$ cat run-v4.txt   # compact mmCIF, C-alpha atoms
# COMPACT_ATOMS: atom_id res chain seq x y z
CA MET A 879 110.11 81.42 -111.84
CA THR A 880 110.98 79.11 -114.68
CA LYS A 881 111.96 75.46 -114.50
CA ILE A 882 114.08 72.52 -115.61
CA VAL A 883 112.42 70.33 -118.25
CA HIS A 884 115.24 67.86 -118.95
CA ILE A 885 118.03 66.41 -116.82
CA GLU A 886 121.10 64.58 -117.95
CA ILE A 887 123.59 63.18 -115.46
CA ASP A 888 127.08 62.48 -116.71
CA ASP A 889 127.92 59.33 -114.83
CA ARG A 890 130.01 57.58 -117.47
CA ASN A 891 133.19 57.66 -115.34
CA LEU A 892 131.45 56.53 -112.17
CA PRO A 893 131.10 53.04 -110.75
CA PRO A 894 127.63 51.53 -111.11
CA PRO A 895 125.30 52.68 -108.33
CA THR A 896 123.85 50.32 -105.76
CA PRO A 897 120.17 49.44 -106.31
CA GLU A 898 119.21 51.82 -103.47
CA ILE A 899 121.22 54.71 -104.95
CA ASP A 900 119.80 54.01 -108.41
CA GLN A 901 116.26 54.10 -107.00
CA GLU A 902 116.95 57.39 -105.16
CA ARG A 903 118.24 58.86 -108.41
CA LYS A 904 115.21 57.77 -110.43
CA VAL A 905 112.78 59.13 -107.86
CA ALA A 906 114.67 62.45 -107.57
CA MET A 907 114.76 62.90 -111.34
CA PHE A 908 111.07 62.06 -111.73
CA ASP A 909 110.05 64.37 -108.87
CA LEU A 910 112.31 67.15 -110.11
CA LEU A 911 110.86 67.07 -113.61
CA GLU A 912 107.32 66.92 -112.24
CA ASP A 913 107.72 69.97 -110.02
CA ASN A 914 110.64 72.36 -109.76
CA SER A 915 111.44 76.01 -109.57
CA PHE A 916 114.72 77.03 -111.20
CA ALA A 917 115.55 80.50 -112.48
CA ILE A 918 118.75 82.13 -113.63
CA PRO A 919 118.97 85.73 -112.43
CA ALA A 920 120.19 88.62 -114.55
CA ARG A 921 123.88 89.35 -113.93
CA ASP A 922 126.38 92.03 -114.82
CA GLY A 923 123.69 94.11 -116.53
CA ARG A 924 122.82 91.26 -118.91
CA PRO A 925 119.30 89.86 -118.99
CA ALA A 926 118.80 86.33 -117.74
CA PRO A 927 118.63 83.61 -120.38
CA GLU A 928 115.03 82.51 -120.74
CA GLY A 929 113.89 79.09 -119.64
CA PRO A 930 112.72 76.45 -119.42
CA TYR A 931 116.12 74.81 -119.11
CA ARG A 932 117.87 71.58 -119.93
CA LEU A 933 120.33 70.66 -117.17
CA ALA A 934 123.46 68.57 -117.59
CA LEU A 935 124.95 67.77 -114.20
CA SER A 936 128.47 66.40 -113.88
CA ILE A 937 131.67 66.41 -111.88
CA ARG A 938 134.73 67.71 -113.70
CA GLU A 939 138.10 68.30 -112.11
CA LYS A 940 136.59 67.82 -108.65
CA ARG A 941 133.97 70.50 -109.27
CA LEU A 942 130.22 70.16 -109.61
CA VAL A 943 129.18 71.46 -113.03
CA PHE A 944 125.74 72.82 -113.86
CA ASP A 945 125.54 73.17 -117.65
CA LEU A 946 122.25 74.77 -118.59
CA LYS A 947 120.80 75.16 -122.03
CA GLN A 948 117.58 76.71 -123.14
CA GLU A 949 114.87 74.36 -124.32
CA ASP A 950 116.01 74.85 -127.94
CA GLU A 951 119.54 73.67 -126.94
CA ASN A 952 121.09 77.17 -127.05
CA PRO A 953 123.60 77.61 -124.21
CA ALA A 954 122.17 79.49 -121.24
CA VAL A 955 124.87 79.39 -118.56
CA GLU A 956 127.44 77.07 -117.04
CA PHE A 957 128.73 77.32 -113.52
CA HIS A 958 131.10 75.25 -111.42
CA LEU A 959 130.79 74.73 -107.68
CA SER A 960 133.45 73.45 -105.35
CA LEU A 961 132.58 70.06 -103.89
CA GLY A 962 134.27 70.94 -100.59
CA PRO A 963 131.20 72.44 -98.89
CA PHE A 964 129.19 69.32 -99.78
CA ARG A 965 131.64 66.65 -98.61
CA GLN A 966 130.60 66.31 -94.97
CA VAL A 967 126.86 66.56 -95.53
CA VAL A 968 127.05 64.02 -98.40
CA LYS A 969 129.09 61.67 -96.17
CA ASP A 970 126.55 62.09 -93.34
CA TYR A 971 123.68 61.54 -95.75
CA PHE A 972 125.15 58.29 -97.09
CA GLN A 973 125.79 57.02 -93.57
CA ILE A 974 122.24 57.73 -92.43
CA CYS A 975 120.79 56.26 -95.66
CA GLU A 976 122.77 53.08 -95.07
CA SER A 977 121.40 52.91 -91.52
CA TYR A 978 117.90 53.52 -92.85
CA PHE A 979 118.12 50.79 -95.51
CA ASP A 980 119.44 48.35 -92.89
CA ALA A 981 116.76 49.39 -90.39
CA VAL A 982 113.93 48.80 -92.85
CA LYS A 983 114.96 45.15 -93.02
CA THR A 984 115.07 44.46 -89.28
CA LEU A 985 113.85 47.19 -86.93
CA PRO A 986 110.36 48.08 -85.72
CA PRO A 987 108.54 51.04 -87.33
CA SER A 988 109.21 53.42 -84.42
CA GLN A 989 112.98 53.04 -84.79
CA ILE A 990 112.76 53.30 -88.58
CA GLU A 991 110.80 56.54 -88.19
CA THR A 992 113.48 58.00 -85.92
CA ILE A 993 116.22 57.20 -88.42
CA ASP A 994 114.08 58.56 -91.27
CA MET A 995 113.60 61.86 -89.41
CA ALA A 996 117.38 62.17 -89.05
CA ARG A 997 117.80 61.31 -92.75
CA ARG A 998 115.35 64.04 -93.75
CA GLY A 999 117.15 66.54 -91.50
CA ILE A 1000 120.50 65.84 -93.15
CA HIS A 1001 118.85 65.97 -96.57
CA ASN A 1002 117.42 69.39 -95.72
CA GLU A 1003 120.88 70.55 -94.60
CA GLY A 1004 122.32 69.45 -97.96
CA ALA A 1005 119.58 71.38 -99.75
CA ARG A 1006 120.37 74.52 -97.72
CA VAL A 1007 124.08 74.18 -98.57
CA LEU A 1008 123.15 73.89 -102.24
CA GLN A 1009 120.91 76.97 -102.09
CA GLU A 1010 123.77 78.94 -100.50
CA ARG A 1011 126.24 77.76 -103.15
CA LEU A 1012 123.81 78.68 -105.94
CA GLU A 1013 123.19 82.18 -104.57
CA GLY A 1014 123.61 84.71 -107.38
CA LYS A 1015 123.84 81.91 -109.96
CA ALA A 1016 120.38 80.31 -109.77
CA ASP A 1017 117.26 80.72 -107.70
CA VAL A 1018 115.75 77.45 -106.48
CA ASP A 1019 113.10 76.64 -103.92
CA ILE A 1020 113.77 74.17 -101.10
CA ASP A 1021 112.03 71.22 -102.80
CA THR A 1022 114.07 71.72 -105.97
CA ALA A 1023 117.24 72.04 -103.89
CA ARG A 1024 116.40 68.78 -102.07
CA ARG A 1025 115.97 66.89 -105.34
CA LEU A 1026 119.12 68.39 -106.83
CA PHE A 1027 121.02 67.48 -103.66
CA THR A 1028 119.95 63.85 -104.15
CA LEU A 1029 121.40 63.94 -107.66
CA ILE A 1030 124.61 65.53 -106.35
CA CYS A 1031 124.88 62.66 -103.87
CA VAL A 1032 124.58 60.18 -106.73
CA LEU A 1033 127.43 61.93 -108.53
CA HIS A 1034 129.44 62.29 -105.33
CA PHE A 1035 128.99 58.57 -104.62
CA GLY A 1036 131.02 57.77 -107.70
CA GLY A 1037 133.28 60.80 -107.62

$ encode --input "run-v4.txt" --output "structure tokens"
Amino acid sequence: MTKIVHIEIDDRNLPPPTPEIDQERKVAMFDLLEDNSFAIPARDGRPAPEGPYRLALSIREKRLVFDLKQEDENPAVEFHLSLGPFRQVVKDYFQICESYFDAVKTLPPSQIETIDMARRGIHNEGARVLQERLEGKADVDIDTARRLFTLICVLHFGG
């Protein structure tokens, strides 16, 4: 598989993120660039554009947009995903993250661990939804899907 070597998030029309959301975004971007697996499959008898890829992620007209270019900036592919399938899992993820951030300040480690396990479970669900939505458009492993889901949450937070 090939990979993403550059990420750009179009957040110019979004409200500023909270410090926690900003930190999640930075960590997800760093981790994604360090280790990811992202390939565009051949479609309609055409060969797949070669990677590595530069990804621009945005929300336009209530759709999640993946705009991929080859490393030399030549267009590779652009696809739009409905945000509908993500709404509930993103909402659940933000609620559990809020509980987690509050818990870290006041609760004992055992209770924090329980909330963190629930947070990871919802995060994994979001990654699975993303993998399903990308089927036939891009092949990603679960770790890449998790990191991309975090970035989708950042965009969703403002959108």

$ residues_around --input "run-v4.txt" --residues "segment 927-940 of chain A" --least-positions-apart "2" --cutoff "6 Å" --atoms "only C-alpha atoms" --output "PyMOL selection string"
chain A and resi 880-888+942-949+954

$ residues_around --input "run-v4.txt" --residues "segment 1006-1019 of chain A" --least-positions-apart "6" --cutoff "9 Å" --atoms "all atoms listed in the file" --output "list in words"
Met879, Asn914, Ser915, Phe916, Ala917, Ile918, Pro919, Ala920, Arg921, Phe957, Leu959, Ser960, Pro963, Phe964, Val967, Leu1026 and Phe1027 of chain A

$ write_last_selection --input "run-v4.txt" --atoms "C-alpha atoms" --output "JSON list (two decimals), in the frame of the given file"
[["chain", "number", "residue", "atom", "x", "y", "z"],
["A", 879, "MET", "CA", 110.11, 81.42, -111.84],
["A", 914, "ASN", "CA", 110.64, 72.36, -109.76],
["A", 915, "SER", "CA", 111.44, 76.01, -109.57],
["A", 916, "PHE", "CA", 114.72, 77.03, -111.20],
["A", 917, "ALA", "CA", 115.55, 80.50, -112.48],
["A", 918, "ILE", "CA", 118.75, 82.13, -113.63],
["A", 919, "PRO", "CA", 118.97, 85.73, -112.43],
["A", 920, "ALA", "CA", 120.19, 88.62, -114.55],
["A", 921, "ARG", "CA", 123.88, 89.35, -113.93],
["A", 957, "PHE", "CA", 128.73, 77.32, -113.52],
["A", 959, "LEU", "CA", 130.79, 74.73, -107.68],
["A", 960, "SER", "CA", 133.45, 73.45, -105.35],
["A", 963, "PRO", "CA", 131.20, 72.44, -98.89],
["A", 964, "PHE", "CA", 129.19, 69.32, -99.78],
["A", 967, "VAL", "CA", 126.86, 66.56, -95.53],
["A", 1026, "LEU", "CA", 119.12, 68.39, -106.83],
["A", 1027, "PHE", "CA", 121.02, 67.48, -103.66]]

$ atom_distance --input "run-v4.txt" --atom1 "atom CA of Leu910 of chain A" --atom2 "atom CA of Gln989 of chain A"
29.0 Å

$ closest_residue --input "run-v4.txt" --among "A:Thr1028, A:Ile974, A:Leu1033, A:Leu961" --to "Val905 of chain A" --atoms "all atoms listed in the file"
A:Thr1028

$ residues_around --input "run-v4.txt" --residues "Lys969 of chain A" --least-positions-apart "2" --cutoff "12 Å" --atoms "all atoms listed in the file" --output "list of chain:residue names"
A:Leu961, A:Gly962, A:Pro963, A:Phe964, A:Arg965, A:Gln966, A:Val967, A:Tyr971, A:Phe972, A:Gln973, A:Ile974, A:Cys975, A:Glu976, A:Arg997, A:Ile1000, A:His1001, A:Gly1004, A:Ile1030, A:Cys1031, A:Val1032, A:His1034, A:Phe1035

$ atom_distance --input "run-v4.txt" --atom1 "atom CA of Gln901 of chain A" --atom2 "atom CA of Thr992 of chain A"
21.6 Å

$ atom_distance --input "run-v4.txt" --atom1 "atom CA of Ile993 of chain A" --atom2 "atom CA of Tyr978 of chain A"
6.0 Å

$ axis_aligned_box --input "run-v4.txt" --around "segment 1013-1020 of chain A" --padding-each-side "4 Å" --output "JSON"
{"center_x": 118.5, "center_y": 79.4, "center_z": -105.5, "size_x": 18.7, "size_y": 18.5, "size_z": 16.9}

$ decode --input "run-v4.txt" --residues "segment 943-975 of chain A" --atoms "N, CA and C atoms" --output "tab-separated table (two decimals), in the first residue's frame"
chain	number	residue	atom	x	y	z
A	943	VAL	N	-15.01	16.16	2.13
A	943	VAL	CA	-14.28	16.11	0.87
A	943	VAL	C	-12.84	15.65	1.11
A	944	PHE	N	-12.48	14.58	0.41
A	944	PHE	CA	-11.10	14.11	0.35
A	944	PHE	C	-10.56	14.53	-1.00
A	945	ASP	N	-9.64	15.46	-1.02
A	945	ASP	CA	-9.02	15.92	-2.26
A	945	ASP	C	-7.57	15.44	-2.23
A	946	LEU	N	-7.27	14.47	-3.07
A	946	LEU	CA	-5.94	13.87	-3.07
A	946	LEU	C	-5.16	14.26	-4.30
A	947	LYS	N	-3.92	14.59	-4.05
A	947	LYS	CA	-2.99	14.89	-5.13
A	947	LYS	C	-1.79	13.97	-4.98
A	948	GLN	N	-1.11	13.76	-6.11
A	948	GLN	CA	0.12	13.01	-6.03
A	948	GLN	C	1.17	13.90	-5.39
A	949	GLU	N	2.29	13.32	-5.03
A	949	GLU	CA	3.32	14.08	-4.33
A	949	GLU	C	3.78	15.30	-5.14
A	950	ASP	N	3.74	15.20	-6.47
A	950	ASP	CA	4.17	16.31	-7.33
A	950	ASP	C	3.05	17.32	-7.58
A	951	GLU	N	1.95	17.23	-6.80
A	951	GLU	CA	0.81	18.14	-6.86
A	951	GLU	C	-0.16	17.86	-8.01
A	952	ASN	N	0.08	16.85	-8.82
A	952	ASN	CA	-0.88	16.48	-9.87
A	952	ASN	C	-2.11	15.88	-9.21
A	953	PRO	N	-3.32	16.26	-9.67
A	953	PRO	CA	-4.53	15.70	-9.08
A	953	PRO	C	-4.56	14.18	-9.19
A	954	ALA	N	-4.96	13.53	-8.11
A	954	ALA	CA	-5.09	12.07	-8.10
A	954	ALA	C	-6.57	11.71	-8.16
A	955	VAL	N	-7.33	12.14	-7.15
A	955	VAL	CA	-8.76	11.84	-7.09
A	955	VAL	C	-9.39	12.74	-6.03
A	956	GLU	N	-10.66	13.01	-6.21
A	956	GLU	CA	-11.43	13.73	-5.19
A	956	GLU	C	-12.72	12.98	-5.00
A	957	PHE	N	-13.07	12.76	-3.75
A	957	PHE	CA	-14.37	12.14	-3.49
A	957	PHE	C	-15.02	12.82	-2.30
A	958	HIS	N	-16.37	12.78	-2.34
A	958	HIS	CA	-17.20	13.45	-1.35
A	958	HIS	C	-18.02	12.38	-0.62
A	959	LEU	N	-18.04	12.49	0.69
A	959	LEU	CA	-18.81	11.55	1.51
A	959	LEU	C	-19.89	12.30	2.28
A	960	SER	N	-21.05	11.72	2.35
A	960	SER	CA	-22.12	12.31	3.15
A	960	SER	C	-21.70	12.30	4.62
A	961	LEU	N	-22.01	13.37	5.32
A	961	LEU	CA	-21.70	13.43	6.75
A	961	LEU	C	-22.74	12.68	7.59
A	962	GLY	N	-23.88	12.38	7.01
A	962	GLY	CA	-24.96	11.71	7.75
A	962	GLY	C	-24.52	10.49	8.54
A	963	PRO	N	-23.82	9.54	7.91
A	963	PRO	CA	-23.43	8.34	8.65
A	963	PRO	C	-22.46	8.61	9.81
A	964	PHE	N	-21.84	9.76	9.83
A	964	PHE	CA	-20.88	10.09	10.88
A	964	PHE	C	-21.50	10.85	12.05
A	965	ARG	N	-22.67	11.45	11.85
A	965	ARG	CA	-23.22	12.37	12.83
A	965	ARG	C	-23.33	11.78	14.24
A	966	GLN	N	-23.96	10.63	14.37
A	966	GLN	CA	-24.18	10.07	15.70
A	966	GLN	C	-22.88	9.65	16.37
A	967	VAL	N	-22.00	9.00	15.62
A	967	VAL	CA	-20.75	8.54	16.24
A	967	VAL	C	-19.86	9.73	16.61
A	968	VAL	N	-19.88	10.80	15.81
A	968	VAL	CA	-19.11	12.01	16.15
A	968	VAL	C	-19.71	12.64	17.42
A	969	LYS	N	-21.03	12.72	17.48
A	969	LYS	CA	-21.69	13.28	18.67
A	969	LYS	C	-21.33	12.45	19.91
A	970	ASP	N	-21.42	11.13	19.80
A	970	ASP	CA	-21.07	10.25	20.92
A	970	ASP	C	-19.61	10.42	21.31
A	971	TYR	N	-18.75	10.55	20.31
A	971	TYR	CA	-17.32	10.70	20.58
A	971	TYR	C	-17.04	12.00	21.34
A	972	PHE	N	-17.67	13.11	20.92
A	972	PHE	CA	-17.46	14.36	21.62
A	972	PHE	C	-17.99	14.30	23.05
A	973	GLN	N	-19.12	13.65	23.25
A	973	GLN	CA	-19.66	13.54	24.60
A	973	GLN	C	-18.73	12.74	25.51
A	974	ILE	N	-18.21	11.62	25.01
A	974	ILE	CA	-17.34	10.81	25.84
A	974	ILE	C	-15.99	11.50	26.05
A	975	CYS	N	-15.51	12.25	25.05
A	975	CYS	CA	-14.26	13.00	25.23
A	975	CYS	C	-14.43	14.07	26.31
